[in-house]
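A quick write-up on the structure given underneath.
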Amino acid sequence: MSAVSSPNWLYGAIQRRRNRSLGGLYLVVAAFLILYAVLFPGILSVGGFSKFTQNWFPLALVTMAQALLMLNGGITLAIGPLVSLGAVIAATTMGTALGVPGGFLAVAVTGLAIGAVIGVIVAHLRLPAIIVTLAGSFIITGVALILLPRPGGFIPGWLSNTLAGHTPVAFLLLVVVLVLWKAFLATPLGLGIYAAGDNPVGAFRSGVPVERVKIVAFALSGLLAALAGLFVAAQTGSGDPIIGAPFTLNSIAAAVLGGVGFLGGKGTMRGAICGSLLLSVMINVMFFLGFPPVAQYVAQGLIIVGAVAVPELLAQWRARR
């Protein structure tokens with residue numbers, strides 16, 4: 001085999017191994033999608049598909065935000081508050097002289113800045129990410145409540161119609177985000193996220209700027225969460241300082257369902273996206289089957305525990321053989 005073709009062959013082998021580990025997830029997602037289509041045939045229409053992807057899109061973004069840090073060996077409890085803050089900033093700026101472009105920029109810069117600050121604290125002060133983000137979640141929630149004590153604000157009607165109307169704009173936006181993620185992975189910082197999460201000491205000795213990678217991961221995570229808040233605000237037509245509360249645990253659940261490990265370096269972003277899709281479809285299927293809200297929470301918990309436990313049990317079983 002030539003030296004030129006060898007890297008391509010190695011890359012292909014790695015991708016095949018990663019996809020093979022996701023085969024079961026793909027089958028489960030396909031089964032739930034078929035069941036959902038049977039229960040709600042309207043999803044096969046343009047309008048039904050658009051509404052479904054609009055509900056899925058914010059969860060997909062926050063799952064990517066969480067998976068970014070989990071792949072790097074961290075975790076964040078500030079996802080939900082960042083979603084709320086993004087929604088509040090969008091609703092309090094787009095009706096002013098800043099307009100939609102200024103509001104969008106304010107949301108993006110705020111998400112990046114807060115994420116970067118948390119990343120600097122975690123990377124340079126060597127504090128546990130879960131503690132820093134827990135403290136940060138209280139601060140961010142407080143700021144959101146100061147800016148907008150109760151639901152309100154203003155989102156232009158045309159923006160809500162564009163993002164949350166009867167066209168699959170949300171799905172197209174998700175495709176764009178995934179393409180940008182793929183391009184980011186081709187950069188040294190993108191590759192460093194996996195390396196630093198899998199083996200920080202080895203990555204550092206290999207020349208990977210581990211601290212810078214961690215800061216970038218937190219900054220991008222904050223950006224994605226804040227943009228998810230902007231989209232939620234467009235959906236509802238206003239801002240809400242506590243609307244993001246469910247997203248923190250859901251982002252962790254979806255990432256875990258997608259095979260992303262807590263210890264870093266394990267999992268793929270496409271797995272995390274599939275996990276978010278599975279969680280979103282599960283919620284809809286249980287709703288159409290008439291599950292009461294309490295039963296839905298119990299079922300979600302059992303499925304998530306199974307998603308974590310079954311692979312571990314299978315790995316232990318293979319190790320004994």
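Note on naming: chains are A, B, ... as they come in the structure tokens, residues start from 1 per chain, ligands start from 1 in the order shown.
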Expected answer as number ranges by chain: helix (DSSP H, G or I) residues in stretch 67-226 of chain A: A: 67-71, 79-93, 99-125, 129-147, 157-164, 169-185, 188-198, 200-205, 210-226
A:Thr93 environment, 8 Å, only C-alpha atoms, sequence neighbours closer than 5 positions dropped, as a ChimeraX atom specification: /A:98-100,102-103,106
Convert the current residue selection to file output with N, CA and C atoms, as a PDB file, in the first residue's frame.
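Produced file selection-v5.pdb, reproduced below:
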```pdb
ATOM      1  N   LEU A  98     -31.027  48.088  17.720  1.00  0.00           N
ATOM      2  CA  LEU A  98     -30.102  47.054  17.255  1.00  0.00           C
ATOM      3  C   LEU A  98     -30.734  46.174  16.191  1.00  0.00           C
ATOM      4  N   GLY A  99     -32.031  45.961  16.290  1.00  0.00           N
ATOM      5  CA  GLY A  99     -32.724  45.133  15.306  1.00  0.00           C
ATOM      6  C   GLY A  99     -32.325  43.669  15.387  1.00  0.00           C
ATOM      7  N   VAL A 100     -32.732  42.911  14.389  1.00  0.00           N
ATOM      8  CA  VAL A 100     -32.440  41.472  14.364  1.00  0.00           C
ATOM      9  C   VAL A 100     -30.947  41.198  14.234  1.00  0.00           C
ATOM     10  N   GLY A 102     -28.386  43.025  15.179  1.00  0.00           N
ATOM     11  CA  GLY A 102     -27.741  43.361  16.448  1.00  0.00           C
ATOM     12  C   GLY A 102     -28.111  42.384  17.549  1.00  0.00           C
ATOM     13  N   GLY A 103     -29.372  41.948  17.570  1.00  0.00           N
ATOM     14  CA  GLY A 103     -29.804  40.976  18.561  1.00  0.00           C
ATOM     15  C   GLY A 103     -29.108  39.641  18.384  1.00  0.00           C
ATOM     16  N   ALA A 106     -25.581  40.037  19.571  1.00  0.00           N
ATOM     17  CA  ALA A 106     -25.520  40.117  21.033  1.00  0.00           C
ATOM     18  C   ALA A 106     -25.640  38.731  21.660  1.00  0.00           C
TER      19      ALA A 106
END
```
Coordinates-based distance that separates atom CA of A:Thr63 from atom CA of A:Ala272 (Å, one decimal): 6.5 Å
Residue contacts of stretch 119-133 of chain A (12 Å, only C-alpha atoms) excluding same-chain residues fewer than 2 positions away, as a ChimeraX atom specification: /A:66,69-70,72-82,112-117,135-141,196,200,209-222,248,262
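Residue nearest A:Leu227 within the list A:Leu39, A:Val201, A:Ile283, A:Met64: A:Met64 [criterion: smallest interatomic distance, only C-alpha atoms].
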Residue nearest A:Arg270 - candidates A:Leu178, A:Ala234, A:Ala245, A:Ser45, atoms counted: only C-alpha atoms: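 So, comparing all the options, the nearest one is A:Leu178.
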If you take only C-alpha atoms and a cut-off of 12 Å, which residues of stretch 184-272 of chain A touch stretch 155-161 of chain A, and what are their nearest atom pairs and distances in Å to one decimal, in chain and number order, as a tab-separated table?
```
residue	atom	partner	partner_atom	distance
A:Leu230	CA	A:Ile155	CA	9.5
A:Phe231	CA	A:Ser160	CA	8.5
A:Val232	CA	A:Ser160	CA	9.5
A:Ala233	CA	A:Ile155	CA	7.2
A:Ala234	CA	A:Ser160	CA	4.6
A:Gln235	CA	A:Ser160	CA	5.9
A:Thr236	CA	A:Ser160	CA	7.9
A:Gly237	CA	A:Ile155	CA	5.3
A:Ser238	CA	A:Ile155	CA	5.8
A:Gly239	CA	A:Ile155	CA	8.2
A:Asp240	CA	A:Ile155	CA	11.9
```
A:Val107, A:Leu35, A:Val294, A:Leu279 ranked by distance to A:Asn250, top pick (using only C-alpha atoms):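 That would be A:Leu279, the residue with the smallest distance to A:Asn250.
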